[in-house]
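The file target-v4.cif comes next; it holds mmCIF, C-alpha atoms.
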data_final
loop_
_atom_site.group_PDB
_atom_site.id
_atom_site.type_symbol
_atom_site.label_atom_id
_atom_site.label_comp_id
_atom_site.auth_asym_id
_atom_site.auth_seq_id
_atom_site.Cartn_x
_atom_site.Cartn_y
_atom_site.Cartn_z
ATOM 1 C CA LEU L 963 -35.882 141.998 87.412
ATOM 2 C CA THR L 964 -36.168 142.261 83.675
ATOM 3 C CA ALA L 965 -36.158 145.329 81.480
ATOM 4 C CA THR L 966 -39.957 145.182 81.234
ATOM 5 C CA ASP L 967 -40.642 145.083 84.954
ATOM 6 C CA SER L 968 -39.877 148.717 85.741
ATOM 7 C CA ASP L 969 -37.743 151.658 84.727
ATOM 8 C CA ASP L 970 -35.414 150.904 87.614
ATOM 9 C CA GLY L 971 -35.233 147.293 86.518
ATOM 10 C CA ALA L 972 -34.242 148.305 83.006
ATOM 11 C CA LEU L 973 -31.532 150.575 84.376
ATOM 12 C CA TYR L 974 -30.247 147.821 86.618
ATOM 13 C CA VAL L 975 -30.074 145.286 83.794
ATOM 14 C CA ARG L 976 -28.165 147.640 81.493
ATOM 15 C CA VAL L 977 -25.714 148.770 84.185
ATOM 16 C CA HIS L 978 -25.121 145.301 85.568
ATOM 17 C CA ARG L 979 -24.573 143.751 82.125
ATOM 18 C CA HIS L 980 -22.155 146.517 81.092
ATOM 19 C CA TYR L 981 -20.028 146.423 84.212
ATOM 20 C CA SER L 982 -19.974 142.643 84.264
ATOM 21 C CA ARG L 983 -18.328 142.740 80.820
ATOM 22 C CA SER L 984 -16.012 145.553 81.841
ATOM 23 C CA LEU L 985 -14.785 143.893 84.993
ATOM 24 C CA SER L 986 -14.066 140.645 83.182
ATOM 25 C CA GLY L 987 -11.039 142.410 81.691
ATOM 26 C CA GLY L 988 -9.097 141.780 84.870
ATOM 27 C CA VAL L 989 -9.452 145.093 86.729
ATOM 28 C CA SER L 990 -8.782 144.427 90.379
ATOM 29 C CA LEU L 991 -11.354 146.352 92.386
ATOM 30 C CA HIS L 992 -12.128 144.022 95.243
ATOM 31 C CA ARG L 993 -13.836 146.483 97.546
ATOM 32 C CA ASN L 994 -16.238 147.736 94.903
ATOM 33 C CA LEU L 995 -16.861 144.254 93.579
ATOM 34 C CA HIS L 996 -17.745 143.024 97.058
ATOM 35 C CA SER L 997 -20.282 145.825 97.407
ATOM 36 C CA LEU L 998 -21.593 145.190 93.908
ATOM 37 C CA ALA L 999 -22.021 141.495 94.637
ATOM 38 C CA SER L 1000 -23.927 142.176 97.853
ATOM 39 C CA TYR L 1001 -26.294 144.619 96.151
ATOM 40 C CA THR L 1002 -27.018 142.341 93.210
ATOM 41 C CA ALA L 1003 -27.621 139.513 95.668
ATOM 42 C CA GLU L 1004 -30.338 141.625 97.281
ATOM 43 C CA TRP L 1005 -31.962 142.034 93.879
ATOM 44 C CA ASP L 1006 -31.875 138.286 93.367
ATOM 45 C CA LEU L 1007 -33.718 137.874 96.654
ATOM 46 C CA MET L 1008 -36.312 140.422 95.590
ATOM 47 C CA GLU L 1009 -36.768 138.551 92.323
ATOM 48 C CA GLU L 1010 -37.725 135.542 94.378
ATOM 49 C CA SER L 1011 -39.935 137.731 96.570
ATOM 50 C CA LYS L 1012 -42.012 138.709 93.533
ATOM 51 C CA ASP L 1013 -43.338 135.160 93.364
ATOM 52 C CA VAL L 1014 -44.318 135.398 97.005
ATOM 53 C CA VAL L 1015 -46.139 138.696 96.388
ATOM 54 C CA GLN L 1016 -48.073 137.181 93.486
ATOM 55 C CA MET L 1017 -49.048 134.214 95.647
ATOM 56 C CA TRP L 1018 -50.232 136.476 98.470
ATOM 57 C CA LYS L 1019 -52.264 138.582 96.067
ATOM 58 C CA GLN L 1020 -54.273 135.477 95.228
ATOM 59 C CA LEU L 1021 -55.313 135.127 98.879
ATOM 60 C CA PRO L 1022 -58.316 137.378 99.569
ATOM 61 C CA SER L 1023 -57.586 137.661 103.277
ATOM 62 C CA VAL L 1024 -54.150 139.229 102.725
ATOM 63 C CA VAL L 1025 -53.711 142.974 102.352
ATOM 64 C CA ASP L 1026 -50.702 143.250 100.013
ATOM 65 C CA ALA L 1027 -50.239 147.032 99.950
ATOM 66 C CA PRO L 1028 -47.895 147.331 102.976
ATOM 67 C CA PHE L 1029 -45.720 144.469 101.773
ATOM 68 C CA ALA L 1030 -45.514 145.887 98.248
ATOM 69 C CA GLN L 1031 -44.521 149.280 99.636
ATOM 70 C CA ILE L 1032 -41.775 147.707 101.722
ATOM 71 C CA LEU L 1033 -40.535 145.741 98.714
ATOM 72 C CA ARG L 1034 -40.507 148.893 96.588
ATOM 73 C CA ALA L 1035 -38.587 150.809 99.281
ATOM 74 C CA GLU L 1036 -36.011 148.012 99.473
ATOM 75 C CA GLN L 1037 -35.694 148.052 95.694
ATOM 76 C CA HIS L 1038 -34.932 151.776 95.676
ATOM 77 C CA ARG L 1039 -32.499 151.448 98.584
ATOM 78 C CA SER L 1040 -30.626 148.652 96.838
ATOM 79 C CA LEU L 1041 -30.538 150.575 93.544
ATOM 80 C CA SER L 1042 -29.129 153.598 95.354
ATOM 81 C CA GLN L 1043 -26.414 151.486 96.941
ATOM 82 C CA LEU L 1044 -25.650 149.908 93.586
ATOM 83 C CA GLY L 1045 -25.282 153.355 92.040
ATOM 84 C CA ARG L 1046 -22.824 154.405 94.730
ATOM 85 C CA ALA L 1047 -20.782 151.249 94.207
ATOM 86 C CA LEU L 1048 -20.660 151.722 90.448
ATOM 87 C CA ASN L 1049 -19.777 155.363 90.867
ATOM 88 C CA GLY L 1050 -16.624 154.233 92.625
ATOM 89 C CA LEU L 1051 -15.820 151.974 89.671
ATOM 90 C CA SER L 1052 -16.554 154.371 86.826
ATOM 91 C CA HIS L 1053 -13.461 156.519 87.256
ATOM 92 C CA LEU L 1054 -11.185 153.489 87.477
ATOM 93 C CA LEU L 1055 -12.386 151.729 84.333
ATOM 94 C CA PRO L 1056 -11.215 152.866 80.893
ATOM 95 C CA LEU L 1057 -13.640 154.974 78.879
ATOM 96 C CA GLN L 1058 -16.042 152.867 76.778
ATOM 97 C CA GLU L 1059 -18.332 153.539 73.835
ATOM 98 C CA PHE L 1060 -21.518 154.047 75.847
ATOM 99 C CA GLU L 1061 -19.841 156.675 78.041
ATOM 100 C CA TRP L 1062 -18.220 158.457 75.085
ATOM 101 C CA GLU L 1063 -21.733 159.251 73.854
ATOM 102 C CA LEU L 1064 -22.331 161.286 77.019
ATOM 103 C CA PHE L 1065 -19.745 163.864 75.938
ATOM 104 C CA LEU L 1066 -21.601 164.572 72.667
ATOM 105 C CA ASP L 1067 -24.734 166.513 71.845
ATOM 106 C CA ASN L 1068 -27.543 165.285 69.589
ATOM 107 C CA ARG L 1069 -25.519 166.250 66.498
ATOM 108 C CA ARG L 1070 -22.560 164.307 67.896
ATOM 109 C CA ARG L 1071 -20.484 167.407 68.488
ATOM 110 C CA LEU L 1072 -18.001 167.234 71.348
ATOM 111 C CA VAL L 1073 -19.470 169.608 73.931
ATOM 112 C CA ARG L 1074 -17.742 168.377 77.109
ATOM 113 C CA GLU L 1075 -14.112 168.432 76.038
ATOM 114 C CA ALA L 1076 -12.663 169.328 79.448
ATOM 115 C CA ASP L 1077 -14.597 166.494 81.108
ATOM 116 C CA LEU L 1078 -13.441 164.074 78.422
ATOM 117 C CA ARG L 1079 -9.796 164.999 78.924
ATOM 118 C CA LEU L 1080 -10.085 164.570 82.678
ATOM 119 C CA ARG L 1081 -11.834 161.223 82.276
ATOM 120 C CA VAL L 1082 -9.181 159.841 79.917
ATOM 121 C CA TYR L 1083 -6.399 161.299 82.067
ATOM 122 C CA HIS L 1084 -7.610 159.273 85.046
ATOM 123 C CA SER L 1085 -8.159 155.899 83.361
ATOM 124 C CA GLY L 1086 -7.558 155.994 79.605
ATOM 125 C CA ALA L 1087 -9.868 154.582 76.945
ATOM 126 C CA TYR L 1088 -10.549 151.075 75.733
ATOM 127 C CA PRO L 1089 -8.463 150.175 72.652
ATOM 128 C CA GLY L 1090 -11.402 150.106 70.284
ATOM 129 C CA LEU L 1091 -12.276 153.684 71.172
ATOM 130 C CA ARG L 1092 -8.769 155.132 70.885
ATOM 131 C CA PRO L 1093 -8.862 155.934 67.148
ATOM 132 C CA THR L 1094 -11.895 158.140 67.740
ATOM 133 C CA ILE L 1095 -10.811 159.676 71.036
ATOM 134 C CA TRP L 1096 -7.223 160.456 70.057
ATOM 135 C CA ARG L 1097 -8.339 162.664 67.162
ATOM 136 C CA HIS L 1098 -10.139 164.862 69.678
ATOM 137 C CA LEU L 1099 -7.471 164.771 72.374
ATOM 138 C CA LEU L 1100 -4.789 165.796 69.864
ATOM 139 C CA TYR L 1101 -6.858 168.571 68.264
ATOM 140 C CA VAL L 1102 -7.104 167.003 64.826
ATOM 141 C CA PHE L 1103 -10.535 168.600 64.374
ATOM 142 C CA PRO L 1104 -11.556 172.230 64.687
ATOM 143 C CA PRO L 1105 -14.012 172.627 67.586
ATOM 144 C CA MET L 1106 -17.727 171.868 67.426
ATOM 145 C CA LEU L 1107 -17.843 169.896 64.187
ATOM 146 C CA THR L 1108 -20.759 167.535 63.640
ATOM 147 C CA ILE L 1109 -20.057 163.924 62.752
ATOM 148 C CA GLU L 1110 -20.698 164.697 59.063
ATOM 149 C CA GLU L 1111 -18.378 167.704 59.182
ATOM 150 C CA ARG L 1112 -15.666 165.660 60.887
ATOM 151 C CA GLN L 1113 -15.852 163.016 58.189
ATOM 152 C CA GLU L 1114 -15.618 165.678 55.479
ATOM 153 C CA TYR L 1115 -12.672 167.284 57.256
ATOM 154 C CA LEU L 1116 -10.873 163.929 57.511
ATOM 155 C CA GLU L 1117 -11.343 163.266 53.815
ATOM 156 C CA GLY L 1118 -9.729 166.595 53.052
ATOM 157 C CA GLN L 1119 -6.803 165.844 55.344
ATOM 158 C CA ARG L 1120 -6.293 162.433 53.760
ATOM 159 C CA GLY L 1121 -6.191 163.977 50.320
ATOM 160 C CA GLU L 1122 -3.687 166.571 51.506
ATOM 161 C CA TYR L 1123 -1.441 163.829 52.890
ATOM 162 C CA LEU L 1124 -1.437 161.997 49.571
ATOM 163 C CA GLN L 1125 -0.386 165.208 47.830
ATOM 164 C CA LEU L 1126 2.448 165.814 50.313
ATOM 165 C CA ARG L 1127 3.669 162.233 49.931
ATOM 166 C CA ALA L 1128 3.561 162.426 46.137
ATOM 167 C CA ALA L 1129 5.552 165.681 46.222
ATOM 168 C CA TRP L 1130 8.678 164.202 47.844
ATOM 169 C CA GLN L 1131 8.333 160.911 45.982
ATOM 170 C CA GLY L 1132 8.599 162.910 42.769
ATOM 171 C CA MET L 1133 11.778 164.696 43.842
ATOM 172 C CA ASP L 1134 15.330 163.726 42.974
ATOM 173 C CA GLN L 1135 16.225 161.268 45.717
ATOM 174 C CA THR L 1136 19.864 160.887 44.730
ATOM 175 C CA THR L 1137 21.043 164.156 46.267
ATOM 176 C CA PRO L 1138 23.275 163.817 49.365
ATOM 177 C CA THR L 1139 20.667 165.452 51.603
ATOM 178 C CA MET L 1140 17.870 163.146 50.465
ATOM 179 C CA GLN L 1141 20.091 160.075 50.602
ATOM 180 C CA SER L 1142 21.142 160.894 54.157
ATOM 181 C CA LEU L 1143 17.529 161.378 55.287
ATOM 182 C CA ILE L 1144 16.252 158.246 53.527
ATOM 183 C CA THR L 1145 19.035 156.101 54.974
ATOM 184 C CA CYS L 1146 18.490 157.397 58.497
ATOM 185 C CA ILE L 1147 14.742 156.767 58.415
ATOM 186 C CA ARG L 1148 15.003 153.345 56.747
ATOM 187 C CA ASN L 1149 17.527 152.170 59.332
ATOM 188 C CA ASP L 1150 15.190 153.140 62.171
ATOM 189 C CA VAL L 1151 12.054 151.792 60.499
ATOM 190 C CA CYS L 1152 13.676 148.374 60.101
ATOM 191 C CA ARG L 1153 14.223 148.275 63.868
ATOM 192 C CA THR L 1154 10.721 149.361 64.879
ATOM 193 C CA ASP L 1155 9.011 146.829 67.165
ATOM 194 C CA ARG L 1156 9.889 143.883 64.938
ATOM 195 C CA ALA L 1157 8.955 141.490 67.736
ATOM 196 C CA LEU L 1158 5.319 142.584 67.390
ATOM 197 C CA PRO L 1159 3.233 140.749 64.775
ATOM 198 C CA PHE L 1160 2.147 144.089 63.317
ATOM 199 C CA PHE L 1161 5.712 144.891 62.217
ATOM 200 C CA ALA L 1162 7.160 141.377 61.942
ATOM 201 C CA GLY L 1163 8.337 139.600 58.821
ATOM 202 C CA GLU L 1164 9.975 140.563 55.561
ATOM 203 C CA ASN L 1165 8.278 142.844 53.034
ATOM 204 C CA ASN L 1166 5.835 144.018 55.704
ATOM 205 C CA PRO L 1167 3.621 146.761 54.190
ATOM 206 C CA HIS L 1168 3.343 148.440 57.583
ATOM 207 C CA LEU L 1169 7.067 149.195 57.466
ATOM 208 C CA ASP L 1170 6.608 150.871 54.088
ATOM 209 C CA ALA L 1171 3.709 152.901 55.484
ATOM 210 C CA LEU L 1172 5.807 153.952 58.481
ATOM 211 C CA PHE L 1173 8.639 155.026 56.189
ATOM 212 C CA ASN L 1174 6.230 157.112 54.097
ATOM 213 C CA ILE L 1175 4.793 158.795 57.197
ATOM 214 C CA LEU L 1176 8.215 159.742 58.556
ATOM 215 C CA MET L 1177 9.540 160.927 55.205
ATOM 216 C CA THR L 1178 6.453 163.057 54.577
ATOM 217 C CA PHE L 1179 6.727 164.590 58.021
ATOM 218 C CA ALA L 1180 10.461 165.272 57.690
ATOM 219 C CA MET L 1181 10.066 166.930 54.292
ATOM 220 C CA ASN L 1182 7.215 169.161 55.446
ATOM 221 C CA CYS L 1183 8.378 170.035 58.965
ATOM 222 C CA PRO L 1184 11.997 171.139 58.402
ATOM 223 C CA GLU L 1185 12.254 172.684 61.865
ATOM 224 C CA ILE L 1186 12.250 169.128 63.230
ATOM 225 C CA SER L 1187 12.839 167.042 60.088
ATOM 226 C CA TYR L 1188 13.635 163.615 61.517
ATOM 227 C CA LEU L 1189 14.945 162.731 64.950
ATOM 228 C CA GLN L 1190 16.012 159.255 65.960
ATOM 229 C CA GLY L 1191 13.149 157.731 67.914
ATOM 230 C CA LEU L 1192 10.285 159.310 66.034
ATOM 231 C CA ASN L 1193 9.752 155.944 64.369
ATOM 232 C CA ASP L 1194 8.695 154.539 67.743
ATOM 233 C CA ILE L 1195 6.121 157.282 68.239
ATOM 234 C CA ALA L 1196 4.741 157.162 64.699
ATOM 235 C CA GLY L 1197 4.589 153.358 64.953
ATOM 236 C CA ILE L 1198 2.127 153.635 67.842
ATOM 237 C CA PHE L 1199 -0.285 155.655 65.728
ATOM 238 C CA LEU L 1200 0.081 153.265 62.804
ATOM 239 C CA MET L 1201 -0.877 150.341 65.038
ATOM 240 C CA VAL L 1202 -3.808 152.153 66.654
ATOM 241 C CA TYR L 1203 -5.155 153.137 63.232
ATOM 242 C CA ASP L 1204 -4.669 149.594 61.956
ATOM 243 C CA GLY L 1205 -2.206 150.407 59.210
ATOM 244 C CA MET L 1206 -4.217 153.269 57.680
ATOM 245 C CA GLU L 1207 -1.321 155.396 56.516
ATOM 246 C CA ALA L 1208 -3.069 158.716 55.921
ATOM 247 C CA ASP L 1209 -5.047 158.590 59.180
ATOM 248 C CA SER L 1210 -1.918 157.701 61.141
ATOM 249 C CA TYR L 1211 -0.008 160.604 59.607
ATOM 250 C CA ILE L 1212 -2.802 163.071 60.414
ATOM 251 C CA VAL L 1213 -2.800 162.178 64.120
ATOM 252 C CA PHE L 1214 1.013 161.865 64.316
ATOM 253 C CA HIS L 1215 1.365 165.311 62.741
ATOM 254 C CA SER L 1216 -1.060 166.772 65.293
ATOM 255 C CA PHE L 1217 0.866 165.137 68.123
ATOM 256 C CA MET L 1218 4.153 166.551 66.860
ATOM 257 C CA ARG L 1219 2.611 169.974 66.379
ATOM 258 C CA LEU L 1220 1.657 169.982 70.063
ATOM 259 C CA THR L 1221 4.941 168.555 71.384
ATOM 260 C CA LYS L 1222 7.602 169.609 68.879
ATOM 261 C CA SER L 1223 9.231 172.034 71.324
ATOM 262 C CA LEU L 1224 9.966 169.080 73.616
ATOM 263 C CA PHE L 1225 12.104 167.453 70.922
ATOM 264 C CA THR L 1226 14.504 170.399 70.727
ATOM 265 C CA PRO L 1227 17.642 170.551 72.919
ATOM 266 C CA GLU L 1228 15.928 173.207 75.047
ATOM 267 C CA GLY L 1229 12.806 171.084 75.399
ATOM 268 C CA LEU L 1230 14.746 167.998 76.436
ATOM 269 C CA ALA L 1231 16.733 170.044 78.953
ATOM 270 C CA LEU L 1232 13.441 171.235 80.445
ATOM 271 C CA LYS L 1233 12.204 167.644 80.741
ATOM 272 C CA PHE L 1234 15.395 166.630 82.557
ATOM 273 C CA ALA L 1235 15.059 169.625 84.895
ATOM 274 C CA HIS L 1236 11.498 168.619 85.741
ATOM 275 C CA LEU L 1237 12.543 165.003 86.332
ATOM 276 C CA LYS L 1238 15.380 166.038 88.641
ATOM 277 C CA ALA L 1239 13.080 168.322 90.614
ATOM 278 C CA LEU L 1240 10.455 165.585 90.988
ATOM 279 C CA LEU L 1241 13.024 162.988 92.009
ATOM 280 C CA HIS L 1242 14.553 165.333 94.579
ATOM 281 C CA ARG L 1243 11.087 166.112 95.940
ATOM 282 C CA PHE L 1244 9.671 162.603 96.170
ATOM 283 C CA ASP L 1245 12.742 160.390 96.665
ATOM 284 C CA SER L 1246 15.518 162.533 98.091
ATOM 285 C CA GLN L 1247 17.389 159.469 99.364
ATOM 286 C CA PHE L 1248 17.698 158.025 95.856
ATOM 287 C CA PHE L 1249 18.567 161.454 94.470
ATOM 288 C CA ASP L 1250 21.405 161.754 97.008
ATOM 289 C CA TYR L 1251 22.627 158.313 95.968
ATOM 290 C CA LEU L 1252 22.733 159.421 92.312
ATOM 291 C CA MET L 1253 24.649 162.516 93.351
ATOM 292 C CA ARG L 1254 27.270 160.383 95.109
ATOM 293 C CA CYS L 1255 27.547 158.206 91.974
ATOM 294 C CA ASN L 1256 27.878 161.293 89.783
ATOM 295 C CA SER L 1257 24.762 160.202 87.868
ATOM 296 C CA HIS L 1258 22.490 163.070 88.849
ATOM 297 C CA ASP L 1259 22.408 164.228 85.205
ATOM 298 C CA LEU L 1260 19.946 161.318 84.676
ATOM 299 C CA LEU L 1261 21.190 160.687 81.157
ATOM 300 C CA PHE L 1262 20.246 157.029 81.562
ATOM 301 C CA CYS L 1263 16.640 158.270 81.298
ATOM 302 C CA TYR L 1264 17.207 159.869 77.896
ATOM 303 C CA ARG L 1265 15.339 157.271 75.832
ATOM 304 C CA TRP L 1266 12.445 157.154 78.300
ATOM 305 C CA ILE L 1267 12.014 160.905 78.148
ATOM 306 C CA LEU L 1268 12.520 161.306 74.415
ATOM 307 C CA LEU L 1269 9.936 158.635 73.610
ATOM 308 C CA GLU L 1270 7.387 159.619 76.288
ATOM 309 C CA MET L 1271 8.050 156.357 78.151
ATOM 310 C CA LYS L 1272 7.436 154.249 75.015
ATOM 311 C CA ARG L 1273 10.585 152.285 75.862
#
As structure tokens, what does this structure read like?
Amino acid sequence: LTATDSDDGALYVRVHRHYSRSLSGGVSLHRNLHSLASYTAEWDLMEESKDVVQMWKQLPSVVDAPFAQILRAEQHRSLSQLGRALNGLSHLLPLQEFEWELFLDNRRRLVREADLRLRVYHSGAYPGLRPTIWRHLLYVFPPMLTIEERQEYLEGQRGEYLQLRAAWQGMDQTTPTMQSLITCIRNDVCRTDRALPFFAGENNPHLDALFNILMTFAMNCPEISYLQGLNDIAGIFLMVYDGMEADSYIVFHSFMRLTKSLFTPEGLALKFAHLKALLHRFDSQFFDYLMRCNSHDLLFCYRWILLEMKR
């Protein structure tokens, strides 16, 4: 069927084209794909049947109404089966642009936040959509802003970042405290994902941007300042936002505002307690082995936990 044949045909074409592109990304969903293939095959047969119907309509002795009704019933049955098959796929595929629109109202305000969080929790979002989605997931925006209001809010935040950066850049950087902080951050920045093209090479501007982000955060969030490993986390945001320094800082700052308690000694101790409880609950045999080896403190997991499994 083509988009002009019927409303159902238009729906089928859009859905089939979209999921064909989605599944080409390598998602292994054999059961659903088998069902999808069988349903689309039925539609191919009905496409051929249309020619038969047209031929029969040209014969005056043939009453085509019963056949057309049967064909229409089969079309609806196949579309229903196709919908059920795709419903099984939708929660396994990452969120895409067309589906993101479903969480917005006609002024492009986010009105289904809880549903969005659940959807991304189950299967994530496609890379191209992450810059948009992460701002909402990390509470960068106040609630219920229109798209114009969000853009205006972002411009204000970018300007504020530039002011914060200029403030520490204008300070005396020869004091022992500043020298210690600058040295610590520069040493970590130089080791940040250098094997990736984004951070590779000498005189890479992305390394300078990462340094600026971490210095600005440390100077304006003294309760945390800088902890070894924050370069890895900030580097993720810088890559997702394609080197846009101010935008990366805005989202990184929101992330740290939400999780800063987990980077304190008490927060890390809580993470280790949760990990030990989960390990004891779900793999008691391995937990007993670690106990016998005197490794039940799980300190070998420190980097994993500190960096939210980044490394």
(message) If the PyMOL selection byres ((chain L and resi 1182) around 12) were run on this exact file, what residues would it hold? Put them as a list in words.
(response) Glu1122, Tyr1123, Gln1125, Leu1126, Arg1127, Ala1129, Trp1130, Ile1175, Leu1176, Met1177, Thr1178, Phe1179, Ala1180, Met1181, Cys1183, Pro1184, Glu1185, Ile1186, Ser1187, Tyr1188, Tyr1211, His1215 and Arg1219 of chain L
(request) Would you mind listing what lies within 12 Å of Phe1249 of chain L as number ranges by chain, with only C-alpha atoms counted and same-chain residues fewer than 2 positions away left out? (result) L: 1237-1247, 1251-1260
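Of the listed residues L:Ala1171, L:Met1106, L:Leu1192, L:Ala1087, the one whose atoms come nearest to Leu1054 of chain L is L:Ala1087, with distances taken using only C-alpha atoms.
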(message) Report as a PyMOL selection string all protein, DNA and RNA residues lying within 12 Å of Phe1214 of chain L, evaluated on all atoms listed in the file, omitting residues in the same chain fewer than 2 positions from it.
(response) chain L and resi 1093+1096-1097+1100-1102+1123+1172+1175-1176+1178-1179+1192-1203+1207-1212+1216-1222
(request) One decimal, Å: what's the distance from atom CA of Asp1155 of chain L over to atom CA of Gly1191 of chain L, could you say? (result) 11.7 Å
(message) Ranking L:Met1206, L:Val1213, L:Leu1268, L:Ile1144 by minimum distance to His1098 of chain L and counting all atoms listed in the file, which one comes first?
(response) L:Val1213
(request) Enter the distance from atom CA of Leu1158 of chain L to atom CA of Gly1205 of chain L, in Å, rounded to one decimal. (result) 13.6 Å
(request) Given the file shown, determine the residues that the PyMOL selection byres ((chain L and resi 1065) around 8) selects; report them as a list in words. (result) Glu1061, Trp1062, Glu1063, Leu1064, Leu1066, Asp1067, Leu1072, Val1073, Arg1074, Glu1075, Asp1077 and Leu1078 of chain L
